[in-house]
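Below: protein26.csv (CSV, C-alpha atoms)
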```csv
chain,number,residue,atom,x,y,z
N,29,MET,CA,77.0,107.4,105.8
N,30,ASP,CA,76.0,105.5,108.9
N,31,GLY,CA,78.0,104.8,112.0
N,32,PHE,CA,79.3,101.5,110.7
N,33,GLU,CA,80.6,103.0,107.5
N,34,ARG,CA,82.1,105.9,109.5
N,35,GLU,CA,84.0,103.5,111.7
N,36,ILE,CA,85.3,101.6,108.6
N,37,VAL,CA,86.5,104.9,107.1
N,38,ALA,CA,88.3,105.6,110.3
N,39,LEU,CA,90.0,102.3,110.1
N,40,LEU,CA,91.3,102.8,106.5
N,41,PRO,CA,94.7,104.1,107.4
N,42,ARG,CA,95.4,101.0,109.6
N,43,LEU,CA,93.9,98.7,107.0
N,44,ARG,CA,96.2,100.2,104.4
N,45,ARG,CA,99.2,99.7,106.7
N,46,PHE,CA,98.3,96.0,107.2
N,47,GLY,CA,97.8,95.7,103.5
N,48,ARG,CA,101.3,97.0,102.9
N,49,VAL,CA,102.7,94.2,105.1
N,50,LEU,CA,100.7,91.6,103.3
N,51,ALA,CA,100.9,92.7,99.7
N,52,HIS,CA,104.1,94.8,99.5
N,53,ASP,CA,103.1,96.6,96.4
N,54,PRO,CA,101.1,99.8,97.4
N,55,ALA,CA,98.5,99.4,94.6
N,56,ASP,CA,98.0,95.7,95.4
N,57,ALA,CA,97.7,96.6,99.0
N,58,ASP,CA,95.0,99.1,98.3
N,59,ASP,CA,93.1,96.7,96.1
N,60,LEU,CA,93.2,94.2,99.0
N,61,VAL,CA,91.9,96.9,101.4
N,62,GLN,CA,89.1,97.7,99.0
N,63,LEU,CA,88.2,94.0,98.7
N,64,ALA,CA,88.2,93.7,102.5
N,65,VAL,CA,86.0,96.8,102.9
N,66,GLU,CA,83.5,95.5,100.4
N,67,ARG,CA,83.4,92.1,102.1
N,68,GLY,CA,83.0,93.7,105.4
N,69,LEU,CA,80.1,95.8,104.2
N,70,THR,CA,78.5,92.8,102.5
N,71,ARG,CA,78.7,90.8,105.8
N,72,ARG,CA,78.0,93.6,108.2
N,73,GLY,CA,75.0,91.6,109.5
N,74,GLN,CA,77.5,89.1,110.9
N,75,PHE,CA,79.4,91.7,112.9
N,76,GLN,CA,78.5,91.4,116.6
N,77,ALA,CA,77.8,94.7,118.3
N,78,GLY,CA,80.1,95.2,121.3
N,79,THR,CA,83.0,93.4,119.7
N,80,ARG,CA,86.0,95.1,118.1
N,81,LEU,CA,85.4,96.2,114.6
N,82,ASP,CA,89.1,96.5,113.9
N,83,SER,CA,89.7,92.8,114.9
N,84,TRP,CA,86.8,91.8,112.7
N,85,MET,CA,88.1,93.8,109.7
N,86,PHE,CA,91.6,92.6,110.1
N,87,GLY,CA,90.3,89.0,110.1
N,88,ILE,CA,88.4,89.6,106.9
N,89,MET,CA,91.4,91.2,105.3
N,90,ARG,CA,93.7,88.4,106.3
N,91,ASN,CA,91.2,85.9,104.9
N,92,ALA,CA,90.9,87.9,101.7
N,93,TRP,CA,94.7,87.8,101.3
N,94,ILE,CA,94.9,84.1,102.0
N,95,ASP,CA,92.3,83.0,99.4
N,96,GLU,CA,92.9,85.8,96.9
N,97,THR,CA,95.8,84.7,94.9
N,98,ARG,CA,95.5,87.3,92.2
N,99,PHE,CA,97.5,89.8,94.2
N,100,ARG,CA,100.4,87.5,94.5
N,101,ARG,CA,100.2,86.6,90.8
N,102,ARG,CA,100.3,90.2,89.8
N,103,ARG,CA,103.1,91.0,92.2
N,104,SER,CA,105.4,88.2,91.0
N,105,ALA,CA,104.6,89.0,87.4
N,106,ILE,CA,105.5,92.7,87.7
N,107,LEU,CA,108.1,93.0,90.4
N,108,ALA,CA,111.5,91.7,90.0
N,109,PRO,CA,113.1,91.0,93.4
N,110,ALA,CA,115.5,93.9,93.0
N,111,GLU,CA,112.6,96.3,92.6
N,112,ASP,CA,110.8,94.9,95.6
N,113,ALA,CA,112.5,97.3,97.8
N,114,GLU,CA,110.9,100.4,99.3
N,115,ARG,CA,107.2,100.0,99.7
N,116,VAL,CA,106.6,102.6,102.3
N,117,GLY,CA,107.6,106.2,101.6
N,118,HIS,CA,109.7,108.2,104.0
N,119,ALA,CA,109.8,111.5,102.2
N,120,GLY,CA,113.1,113.3,102.6
N,121,ASP,CA,114.6,111.1,105.3
N,122,VAL,CA,117.2,108.9,103.6
N,123,ASP,CA,118.3,107.0,106.7
N,124,ALA,CA,114.7,106.3,107.8
N,125,ALA,CA,113.9,105.2,104.2
N,126,MET,CA,116.8,102.8,104.1
N,127,ALA,CA,116.1,101.4,107.5
N,128,ALA,CA,112.5,100.9,106.5
N,129,ARG,CA,113.5,99.2,103.3
N,130,ASP,CA,115.6,96.7,105.1
N,131,VAL,CA,112.8,95.9,107.5
N,132,GLN,CA,110.3,95.5,104.6
N,133,GLN,CA,112.7,93.2,102.7
N,134,ALA,CA,113.2,91.1,105.8
N,135,MET,CA,109.4,91.0,106.4
N,136,ALA,CA,108.9,89.9,102.8
N,137,THR,CA,111.0,86.8,103.3
N,138,LEU,CA,108.8,85.5,106.2
N,139,PRO,CA,106.1,82.9,105.5
N,140,ASP,CA,102.6,84.4,105.6
N,141,ASP,CA,101.7,82.9,108.9
N,142,GLN,CA,104.6,84.5,110.7
N,143,ARG,CA,104.4,87.8,108.9
N,144,ILE,CA,100.7,88.2,109.7
N,145,ALA,CA,101.2,87.4,113.4
N,146,ILE,CA,104.1,89.8,113.6
N,147,ALA,CA,102.1,92.5,111.8
N,148,LEU,CA,99.2,92.2,114.2
N,149,VAL,CA,101.2,92.2,117.3
N,150,LEU,CA,104.3,94.3,116.6
N,151,ILE,CA,102.9,96.8,114.1
N,152,GLU,CA,99.1,96.9,114.9
N,153,GLY,CA,99.6,96.5,118.6
N,154,PHE,CA,97.2,93.6,119.3
N,155,SER,CA,97.8,91.5,122.3
N,156,TYR,CA,98.5,87.8,121.7
N,157,LYS,CA,95.0,87.1,122.8
N,158,ASP,CA,93.4,89.6,120.5
N,159,ALA,CA,95.6,88.5,117.6
N,160,ALA,CA,94.6,84.9,118.3
N,161,GLU,CA,91.0,86.0,118.0
N,162,VAL,CA,91.6,87.8,114.7
N,163,LEU,CA,93.2,84.7,113.3
N,164,LYS,CA,90.8,82.2,115.0
N,165,LEU,CA,93.8,80.3,116.3
N,166,PRO,CA,94.9,79.2,119.8
N,167,MET,CA,97.0,81.8,121.6
N,168,GLY,CA,100.0,79.3,121.8
N,169,THR,CA,100.1,79.0,118.0
N,170,VAL,CA,100.2,82.8,117.7
N,171,ALA,CA,102.9,83.0,120.3
N,172,SER,CA,105.1,80.5,118.6
N,173,ARG,CA,104.6,82.2,115.2
N,174,ILE,CA,105.7,85.5,116.8
N,175,VAL,CA,108.8,83.8,118.2
N,176,ARG,CA,109.8,82.2,114.9
N,177,GLY,CA,109.1,85.4,113.0
N,178,ARG,CA,111.1,87.5,115.4
N,179,MET,CA,114.0,85.1,115.3
N,180,ALA,CA,114.0,85.1,111.5
N,181,LEU,CA,113.9,88.9,111.4
N,182,MET,CA,116.7,89.2,113.9
N,183,ALA,CA,118.8,86.9,111.9
N,184,GLN,CA,118.3,89.0,108.8
N,185,LEU,CA,118.6,92.5,110.3
N,186,GLN,CA,122.3,92.5,111.2
N,187,GLU,CA,122.2,95.1,113.9
N,188,PHE,CA,120.1,92.8,116.0
N,189,ALA,CA,122.4,89.8,115.6
N,190,SER,CA,123.8,88.8,119.0
Y,2,MET,CA,107.6,77.6,127.2
Y,3,THR,CA,111.1,77.6,125.8
Y,4,ARG,CA,113.6,80.3,126.9
Y,5,ASP,CA,113.0,82.1,123.6
Y,6,GLU,CA,109.3,82.0,124.1
Y,7,ARG,CA,109.6,83.5,127.6
Y,8,LEU,CA,112.0,86.1,126.4
Y,9,VAL,CA,109.8,87.2,123.5
Y,10,ALA,CA,106.6,87.1,125.6
Y,11,TYR,CA,108.3,89.2,128.2
Y,12,ALA,CA,109.5,91.7,125.5
Y,13,ASP,CA,105.9,91.9,124.2
Y,14,GLY,CA,104.5,92.5,127.7
Y,15,GLU,CA,102.7,89.1,127.7
Y,16,LEU,CA,104.0,87.6,130.9
Y,17,SER,CA,102.1,88.0,134.1
Y,18,GLY,CA,101.9,86.5,137.6
Y,19,ASP,CA,104.3,83.8,138.5
Y,20,GLN,CA,105.8,83.6,135.0
Y,21,LEU,CA,106.6,87.2,135.1
Y,22,ALA,CA,108.2,87.0,138.6
Y,23,ARG,CA,110.3,84.0,137.6
Y,24,PHE,CA,111.5,85.7,134.4
Y,25,GLU,CA,112.4,88.8,136.2
Y,26,THR,CA,114.5,86.8,138.6
Y,27,GLU,CA,116.3,85.2,135.7
Y,28,LEU,CA,116.7,88.6,134.1
Y,29,ALA,CA,118.4,90.1,137.2
Y,30,ALA,CA,120.9,87.2,137.2
Y,31,ASP,CA,121.8,87.3,133.5
Y,32,PRO,CA,123.0,90.5,131.8
Y,33,GLY,CA,122.9,88.7,128.4
Y,34,LEU,CA,119.2,88.0,128.8
Y,35,ALA,CA,118.6,91.7,129.5
Y,36,GLN,CA,120.4,92.6,126.3
Y,37,ALA,CA,118.4,90.1,124.3
Y,38,VAL,CA,115.2,91.6,125.7
Y,39,GLU,CA,116.4,95.0,124.6
Y,40,ARG,CA,117.2,93.7,121.1
Y,41,HIS,CA,113.6,92.3,120.8
Y,42,ARG,CA,112.1,95.6,121.9
Y,43,ALA,CA,114.3,97.5,119.5
Y,44,LEU,CA,113.1,95.2,116.7
Y,45,ALA,CA,109.5,96.0,117.6
Y,46,ARG,CA,110.2,99.7,117.5
Y,47,ARG,CA,112.0,99.4,114.2
Y,48,LEU,CA,109.2,97.4,112.6
Y,49,SER,CA,106.6,99.8,113.8
Y,50,ALA,CA,108.6,102.8,112.6
Y,51,ALA,CA,109.1,101.2,109.1
Y,52,TYR,CA,105.4,101.0,108.5
Y,53,ALA,CA,104.2,104.1,110.4
Y,54,PRO,CA,104.4,106.5,107.4
Y,55,VAL,CA,101.5,104.7,105.8
Y,56,LEU,CA,99.2,106.1,108.4
Y,57,ASP,CA,100.0,109.6,107.3
Y,58,GLU,CA,99.4,109.0,103.6
Y,59,PRO,CA,96.2,110.4,102.2
Y,60,VAL,CA,93.7,107.6,101.8
Y,61,PRO,CA,92.8,107.1,98.2
Y,62,SER,CA,89.3,108.3,97.4
Y,63,GLN,CA,88.1,105.0,95.9
Y,64,LEU,CA,88.6,103.4,99.3
Y,65,ILE,CA,86.5,106.0,101.0
Y,66,SER,CA,83.9,105.6,98.4
Y,67,ALA,CA,84.0,101.8,98.9
Y,68,ALA,CA,83.5,102.3,102.6
Y,69,ARG,CA,80.6,104.6,102.0
Y,70,GLN,CA,79.2,102.3,99.4
Y,71,GLN,CA,79.2,105.0,96.8
Y,72,PRO,CA,80.0,103.9,93.3
Y,73,ALA,CA,82.6,106.2,91.8
Y,74,ALA,CA,80.1,107.4,89.1
Y,75,ARG,CA,76.9,108.6,90.5
Y,76,ARG,CA,74.1,109.3,88.1
Y,77,GLY,CA,70.3,109.1,88.8
Y,78,PRO,CA,69.8,105.4,89.4
Y,79,PRO,CA,66.4,103.8,89.4
Y,80,GLN,CA,65.0,104.5,92.9
Y,81,TRP,CA,64.5,100.9,93.7
Y,82,ALA,CA,68.1,100.1,93.0
Y,83,ALA,CA,69.2,102.3,95.8
Y,84,MET,CA,66.5,100.8,98.0
Y,85,ALA,CA,67.7,97.3,97.1
Y,86,ALA,CA,71.3,98.3,98.0
Y,87,CYS,CA,70.0,99.5,101.4
Y,88,LEU,CA,68.1,96.3,102.0
Y,89,VAL,CA,71.0,94.1,101.1
Y,90,ALA,CA,73.0,96.1,103.6
Y,91,GLY,CA,70.7,94.8,106.3
Y,92,VAL,CA,67.4,96.7,106.4
Y,93,ALA,CA,64.5,94.3,106.1
Y,94,GLY,CA,61.0,95.0,105.0
Y,95,GLY,CA,57.9,93.5,103.6
Y,96,VAL,CA,57.4,95.9,100.7
Y,97,VAL,CA,57.5,95.2,97.0
Y,98,LEU,CA,60.2,97.4,95.4
Y,99,THR,CA,58.7,99.1,92.5
Y,100,ARG,CA,60.7,100.3,89.6
Y,101,TYR,CA,58.4,103.1,88.5
Y,102,ALA,CA,54.9,102.8,89.8
Y,103,GLY,CA,52.9,99.5,89.9
Y,104,PRO,CA,53.5,97.2,92.8
Y,105,GLN,CA,54.5,94.2,90.7
Y,106,GLU,CA,56.9,95.8,88.3
Y,107,GLY,CA,60.2,95.6,90.2
Y,108,PRO,CA,62.6,92.8,89.6
Y,109,ILE,CA,63.4,92.4,93.3
Y,110,MET,CA,61.1,91.9,96.2
Y,111,ALA,CA,61.9,91.9,99.9
Y,112,ARG,CA,60.7,88.8,101.7
Y,113,ASP,CA,61.5,87.4,105.1
Y,114,GLY,CA,64.3,89.9,105.7
Y,115,GLY,CA,65.9,89.0,102.4
Y,116,LEU,CA,65.6,90.1,98.8
Y,117,VAL,CA,64.3,87.7,96.1
Y,118,ALA,CA,64.3,88.0,92.3
Y,119,MET,CA,61.0,88.6,90.7
Y,120,GLY,CA,59.6,88.7,87.2
Y,121,ARG,CA,61.9,88.6,84.3
Y,122,LEU,CA,65.0,88.6,86.6
Y,123,GLU,CA,63.8,85.4,88.2
Y,124,THR,CA,63.0,83.9,84.8
Y,125,ALA,CA,66.4,84.8,83.5
Y,126,LEU,CA,68.2,83.4,86.5
Y,127,THR,CA,66.2,80.2,86.3
Y,128,SER,CA,66.3,79.5,82.6
Y,129,GLN,CA,68.9,81.6,80.8
Y,130,LEU,CA,72.5,80.6,80.0
Y,131,ALA,CA,75.4,83.0,80.0
Y,132,SER,CA,75.7,82.4,76.2
Y,133,GLN,CA,72.2,83.6,75.6
Y,134,GLY,CA,71.2,87.2,74.9
Y,135,GLY,CA,68.3,89.2,76.2
Y,136,PRO,CA,67.6,92.2,78.3
Y,137,ILE,CA,69.3,90.5,81.3
Y,138,LYS,CA,72.8,89.0,80.9
Y,139,LEU,CA,74.0,86.2,83.0
Y,140,GLY,CA,77.7,86.1,84.0
Y,141,LEU,CA,79.3,83.7,86.3
Y,142,THR,CA,77.6,80.6,87.7
Y,143,PHE,CA,79.2,78.8,90.6
Y,144,ARG,CA,78.5,76.8,93.7
Y,145,THR,CA,79.0,77.8,97.3
Y,146,ALA,CA,80.6,75.6,100.0
Y,147,ALA,CA,77.1,74.6,101.0
Y,148,GLY,CA,76.4,73.4,97.5
Y,149,ARG,CA,74.0,76.2,96.5
Y,150,TYR,CA,74.1,77.6,93.0
Y,151,CYS,CA,74.8,81.3,92.6
Y,152,ARG,CA,74.8,83.5,89.5
Y,153,THR,CA,75.9,87.0,88.6
Y,154,PHE,CA,73.7,89.0,86.4
Y,155,GLN,CA,73.5,92.4,84.8
Y,156,SER,CA,70.4,94.3,83.7
Y,157,PRO,CA,71.7,97.3,81.7
Y,158,GLU,CA,68.2,98.6,81.2
Y,159,ASP,CA,67.7,98.8,85.0
Y,160,ARG,CA,71.4,99.7,85.5
Y,161,LEU,CA,71.6,96.9,88.0
Y,162,ALA,CA,74.2,94.2,88.5
Y,163,GLY,CA,74.1,91.6,91.2
Y,164,LEU,CA,74.6,88.2,92.6
Y,165,ALA,CA,71.7,85.8,93.4
Y,166,CYS,CA,71.8,82.4,95.0
Y,167,ARG,CA,69.3,79.6,94.6
Y,168,GLU,CA,67.4,78.8,97.7
Y,169,PRO,CA,64.2,76.8,98.2
Y,170,GLY,CA,62.1,80.0,98.2
Y,171,GLY,CA,63.7,81.4,95.0
Y,172,TRP,CA,66.7,83.4,93.9
Y,173,THR,CA,67.9,85.5,96.8
Y,174,LEU,CA,70.0,88.5,96.2
Y,175,GLN,CA,73.4,88.5,97.9
Y,176,ALA,CA,74.7,91.7,96.5
Y,177,THR,CA,73.5,94.4,94.1
Y,178,ALA,CA,75.4,97.3,92.5
Y,179,ARG,CA,74.5,100.1,90.2
Y,180,MET,CA,76.1,100.0,86.8
Y,181,ALA,CA,77.7,103.1,85.6
Y,182,PRO,CA,75.8,104.7,82.7
Y,183,ALA,CA,78.7,104.4,80.3
Y,184,GLN,CA,78.5,100.7,80.7
Y,185,THR,CA,74.9,100.5,79.5
Y,186,GLN,CA,75.9,101.3,75.9
Y,187,GLY,CA,78.2,98.4,75.2
Y,188,GLU,CA,78.0,94.7,74.7
Y,189,TYR,CA,77.3,92.3,77.6
Y,190,ARG,CA,78.4,88.9,76.4
Y,191,THR,CA,80.2,88.0,79.6
Y,192,ALA,CA,80.4,89.2,83.1
Y,193,GLY,CA,84.2,89.4,83.7
Y,194,SER,CA,85.5,92.9,84.0
Y,195,ASP,CA,82.0,94.5,83.6
Y,196,THR,CA,80.9,93.2,86.9
Y,197,PRO,CA,81.1,95.8,89.6
Y,198,GLY,CA,83.6,95.3,92.3
Y,199,ALA,CA,81.0,95.0,95.0
Y,200,VAL,CA,79.4,92.1,93.2
Y,201,LEU,CA,82.8,90.4,92.6
Y,202,ALA,CA,83.6,90.8,96.2
Y,203,ALA,CA,80.4,89.0,97.1
Y,204,VAL,CA,81.4,86.3,94.6
Y,205,ASP,CA,84.8,86.0,96.3
Y,206,GLY,CA,83.1,85.6,99.6
Y,207,LEU,CA,80.8,82.7,98.5
Y,208,ILE,CA,82.5,80.8,95.7
Y,209,ALA,CA,83.8,77.3,96.4
Y,210,GLY,CA,86.1,76.1,93.7
Y,211,SER,CA,85.9,77.5,90.1
Y,212,PRO,CA,82.9,78.9,88.2
Y,213,LEU,CA,80.9,76.4,86.2
Y,214,ASP,CA,81.8,76.0,82.5
Y,215,ALA,CA,79.1,76.2,79.9
Y,216,ALA,CA,78.4,72.5,80.0
Y,217,ALA,CA,78.1,72.4,83.7
Y,218,GLU,CA,76.0,75.5,83.7
Y,219,ARG,CA,73.5,73.9,81.3
Y,220,ALA,CA,73.4,70.7,83.3
Y,221,ALA,CA,72.7,72.6,86.5
Y,222,ARG,CA,69.9,74.5,84.8
Y,223,ASP,CA,68.4,71.4,83.3
Y,224,SER,CA,68.3,69.7,86.7
Y,225,GLY,CA,66.5,72.7,88.2
Y,226,TRP,CA,69.5,74.1,90.2
Y,227,LYS,CA,69.2,71.3,92.7
```
Go ahead and express the file in the form of structure tokens.
Amino acid sequence: MDGFEREIVALLPRLRRFGRVLAHDPADADDLVQLAVERGLTRRGQFQAGTRLDSWMFGIMRNAWIDETRFRRRRSAILAPAEDAERVGHAGDVDAAMAARDVQQAMATLPDDQRIAIALVLIEGFSYKDAAEVLKLPMGTVASRIVRGRMALMAQLQEFAS
Amino acid sequence: MTRDERLVAYADGELSGDQLARFETELAADPGLAQAVERHRALARRLSAAYAPVLDEPVPSQLISAARQQPAARRGPPQWAAMAACLVAGVAGGVVLTRYAGPQEGPIMARDGGLVAMGRLETALTSQLASQGGPIKLGLTFRTAAGRYCRTFQSPEDRLAGLACREPGGWTLQATARMAPAQTQGEYRTAGSDTPGAVLAAVDGLIAGSPLDAAAERAARDSGWK
């Protein structure tokens, strides 16, 4: 295993978390991570040394999600809406599990563009500027997606309603 | 920026300079605004908490294998296959990859920093249709966004599967993968599920539109993949 591969392995937990935001279903999410990792390794010649590998991999994974419709097909075929509840485990903590379920359900209703921007900034901790770089979009576009996404989440999660 | 945009940007720590100073003045004069900021920060904390447990889950071994480019089933591959995989990963050289001994026997040669198909692999890629049998099986044929033709292939005898694209200098290898030994005993009529994930991933990265059907594949071959 070389340094590049080691860094990818170190990123796997975060890639899996991002996958869970995108694909909801844990098995689909891991399939998506695997596809992104394979694409990343195939294209490693395009990675520019000195830039952020996490940004690069999140970008590849987001593109894989956008043009890979099979994950969505499978999800809609297998999961009825009622089952589409808890996609992240909170072993033994019922309150946390329920809170997480509500958040995940609310996230699932967002359009892809808002959900991805929200995930990068609020969950993965990218700045607007870095998220814009991942998404190859102007920073203002990312900012407005964050605003719309945040407003939609607030409207759905009652405790935040003003 | 609208008021909501300023509010959200402030909650996310994205305001600076004059914008920050102006917003803080606004904030001091409006308790409702301060509450709104706190609601946005609480939302961020809750989102982050909802997905945090994923980080503590054990990472499935197949993902670690994928990152290390180790096929799940490892069993004495032909030496050149491993070398080819290395070269595809970015190491260039000017050597002829040999399967057993002689310098011209391998199906893949490194040239100009890339890998090109040689011998019977090149012949199969150039002339064979997916419907035709032989030691090498052709799978998907498709075009890239740039209009190049690419084809997946499997060579059970060599335990090699891969993706090659037509370029002026020949068929260049975009990805190669070792086939598991168990796969070498069956039928190879189509690529489909037999094609290793690494090769499919390379297809996913290059394909524009849908794979060619049998008629289009034949037409492309008959016109010399131009």
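Near (70.9, 81.5, 98.4), the residues that fall inside 10 Å on the basis of all atoms listed in the file are Gly115, Val117, Thr145, Ala147, Gly148, Arg149, Tyr150, Cys151, Arg152, Leu164, Ala165, Cys166, Arg167, Glu168, Pro169, Gly170, Gly171, Trp172, Thr173, Leu174, Gln175 and Leu207 of chain Y.
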Next item on the list: Find the residues near stretch 56-71 of chain Y: any atom within 8 Å, counting all atoms listed in the file, skip ones fewer than 3 places away on the same chain, and give them as a ChimeraX atom specification.
Entry: /N:29,33-34,36-37,40-42,44-45,58,61-62,65-66,69 /Y:53,75
Checklist line | Selection: 12 Å around N:Asp82, only C-alpha atoms, excl. self and same-chain fewer than 4 positions, as a PyMOL selection string | finding: chain N and resi 32+35-43+46+64-65+68+75+78+86-89+148+152-154+158-159+161-162
Restrict the distance test to all atoms listed in the file, flag each residue of chain Y within 9 Å of chain N, and return the flagged residues as a tab-separated table (two decimals) with C-alpha atoms, in the coordinates of the input.
```
chain	number	residue	atom	x	y	z
Y	5	ASP	CA	113.00	82.10	123.60
Y	6	GLU	CA	109.30	82.00	124.10
Y	9	VAL	CA	109.80	87.20	123.50
Y	10	ALA	CA	106.60	87.10	125.60
Y	13	ASP	CA	105.90	91.90	124.20
Y	14	GLY	CA	104.50	92.50	127.70
Y	15	GLU	CA	102.70	89.10	127.70
Y	36	GLN	CA	120.40	92.60	126.30
Y	37	ALA	CA	118.40	90.10	124.30
Y	40	ARG	CA	117.20	93.70	121.10
Y	41	HIS	CA	113.60	92.30	120.80
Y	43	ALA	CA	114.30	97.50	119.50
Y	44	LEU	CA	113.10	95.20	116.70
Y	45	ALA	CA	109.50	96.00	117.60
Y	46	ARG	CA	110.20	99.70	117.50
Y	47	ARG	CA	112.00	99.40	114.20
Y	48	LEU	CA	109.20	97.40	112.60
Y	49	SER	CA	106.60	99.80	113.80
Y	50	ALA	CA	108.60	102.80	112.60
Y	51	ALA	CA	109.10	101.20	109.10
Y	52	TYR	CA	105.40	101.00	108.50
Y	53	ALA	CA	104.20	104.10	110.40
Y	54	PRO	CA	104.40	106.50	107.40
Y	55	VAL	CA	101.50	104.70	105.80
Y	56	LEU	CA	99.20	106.10	108.40
Y	57	ASP	CA	100.00	109.60	107.30
Y	58	GLU	CA	99.40	109.00	103.60
Y	59	PRO	CA	96.20	110.40	102.20
Y	60	VAL	CA	93.70	107.60	101.80
Y	61	PRO	CA	92.80	107.10	98.20
Y	63	GLN	CA	88.10	105.00	95.90
Y	64	LEU	CA	88.60	103.40	99.30
Y	65	ILE	CA	86.50	106.00	101.00
Y	67	ALA	CA	84.00	101.80	98.90
Y	68	ALA	CA	83.50	102.30	102.60
Y	69	ARG	CA	80.60	104.60	102.00
Y	70	GLN	CA	79.20	102.30	99.40
Y	89	VAL	CA	71.00	94.10	101.10
Y	90	ALA	CA	73.00	96.10	103.60
Y	91	GLY	CA	70.70	94.80	106.30
Y	175	GLN	CA	73.40	88.50	97.90
Y	176	ALA	CA	74.70	91.70	96.50
Y	198	GLY	CA	83.60	95.30	92.30
Y	199	ALA	CA	81.00	95.00	95.00
Y	200	VAL	CA	79.40	92.10	93.20
Y	201	LEU	CA	82.80	90.40	92.60
Y	202	ALA	CA	83.60	90.80	96.20
Y	203	ALA	CA	80.40	89.00	97.10
Y	205	ASP	CA	84.80	86.00	96.30
Y	206	GLY	CA	83.10	85.60	99.60
```
Item checked: For atom CA of Y:Ala12 and atom CA of Y:Arg42, the interatomic separation in Å (one decimal) ->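 Straight-line distance from atom CA of Y:Ala12 to atom CA of Y:Arg42 works out to 5.9 Å.
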Next item on the list: Can you work out the spacing between atom CA of N:Ala136 and atom CA of Y:Val38 in Å, to one decimal?
Entry: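 Between atom CA of N:Ala136 and atom CA of Y:Val38 the gap is 23.8 Å.
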Item checked: Residues within 8 Å of (74.4, 76.7, 88.3), counting only C-alpha atoms, listed as an MDAnalysis selection string -> chainID Y and resid 142:144 150:152 213 217:222 226
Margin query: If I take atom CA of N:Trp93 and atom CA of Y:Ile208, how far is one from the other in Å, to one decimal?
Written below: 15.1 Å
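Of the residues listed (N:Lys164, N:Arg80, N:Arg143, N:Arg173), N:Arg143 shows the shortest atom-to-atom separation from N:His52; distances use only C-alpha atoms.
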Output stretch 76-90 of chain N as an mmCIF file, keeping the file's coordinate frame, making sure N, CA and C atoms are there.
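File written: rebuild29.cif
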```
data_model
loop_
_atom_site.group_PDB
_atom_site.id
_atom_site.type_symbol
_atom_site.label_atom_id
_atom_site.label_comp_id
_atom_site.auth_asym_id
_atom_site.auth_seq_id
_atom_site.Cartn_x
_atom_site.Cartn_y
_atom_site.Cartn_z
ATOM 1 N N GLN N 76 79.215 91.346 115.331
ATOM 2 C CA GLN N 76 78.500 91.400 116.600
ATOM 3 C C GLN N 76 78.787 92.674 117.331
ATOM 4 N N ALA N 77 77.714 93.409 117.583
ATOM 5 C CA ALA N 77 77.800 94.700 118.300
ATOM 6 C C ALA N 77 78.529 94.429 119.624
ATOM 7 N N GLY N 78 79.388 95.356 120.010
ATOM 8 C CA GLY N 78 80.100 95.200 121.300
ATOM 9 C C GLY N 78 81.431 94.531 121.144
ATOM 10 N N THR N 79 81.704 93.929 119.975
ATOM 11 C CA THR N 79 83.000 93.400 119.700
ATOM 12 C C THR N 79 83.852 94.390 118.938
ATOM 13 N N ARG N 80 85.131 94.096 118.783
ATOM 14 C CA ARG N 80 86.000 95.100 118.100
ATOM 15 C C ARG N 80 85.883 95.030 116.614
ATOM 16 N N LEU N 81 85.522 96.146 116.034
ATOM 17 C CA LEU N 81 85.400 96.200 114.600
ATOM 18 C C LEU N 81 86.770 96.054 113.921
ATOM 19 N N ASP N 82 87.818 96.595 114.577
ATOM 20 C CA ASP N 82 89.100 96.500 113.900
ATOM 21 C C ASP N 82 89.556 95.001 113.854
ATOM 22 N N SER N 83 89.337 94.245 114.922
ATOM 23 C CA SER N 83 89.700 92.800 114.900
ATOM 24 C C SER N 83 88.917 92.119 113.762
ATOM 25 N N TRP N 84 87.649 92.443 113.659
ATOM 26 C CA TRP N 84 86.800 91.800 112.700
ATOM 27 C C TRP N 84 87.292 92.132 111.242
ATOM 28 N N MET N 85 87.606 93.398 111.007
ATOM 29 C CA MET N 85 88.100 93.800 109.700
ATOM 30 C C MET N 85 89.443 93.233 109.342
ATOM 31 N N PHE N 86 90.330 93.199 110.339
ATOM 32 C CA PHE N 86 91.600 92.600 110.100
ATOM 33 C C PHE N 86 91.502 91.128 109.737
ATOM 34 N N GLY N 87 90.565 90.459 110.396
ATOM 35 C CA GLY N 87 90.300 89.000 110.100
ATOM 36 C C GLY N 87 89.821 88.858 108.674
ATOM 37 N N ILE N 88 88.886 89.713 108.265
ATOM 38 C CA ILE N 88 88.400 89.600 106.900
ATOM 39 C C ILE N 88 89.469 89.887 105.892
ATOM 40 N N MET N 89 90.310 90.863 106.220
ATOM 41 C CA MET N 89 91.400 91.200 105.300
ATOM 42 C C MET N 89 92.415 90.103 105.176
ATOM 43 N N ARG N 90 92.724 89.506 106.305
ATOM 44 C CA ARG N 90 93.700 88.400 106.300
ATOM 45 C C ARG N 90 93.111 87.238 105.467
#
```
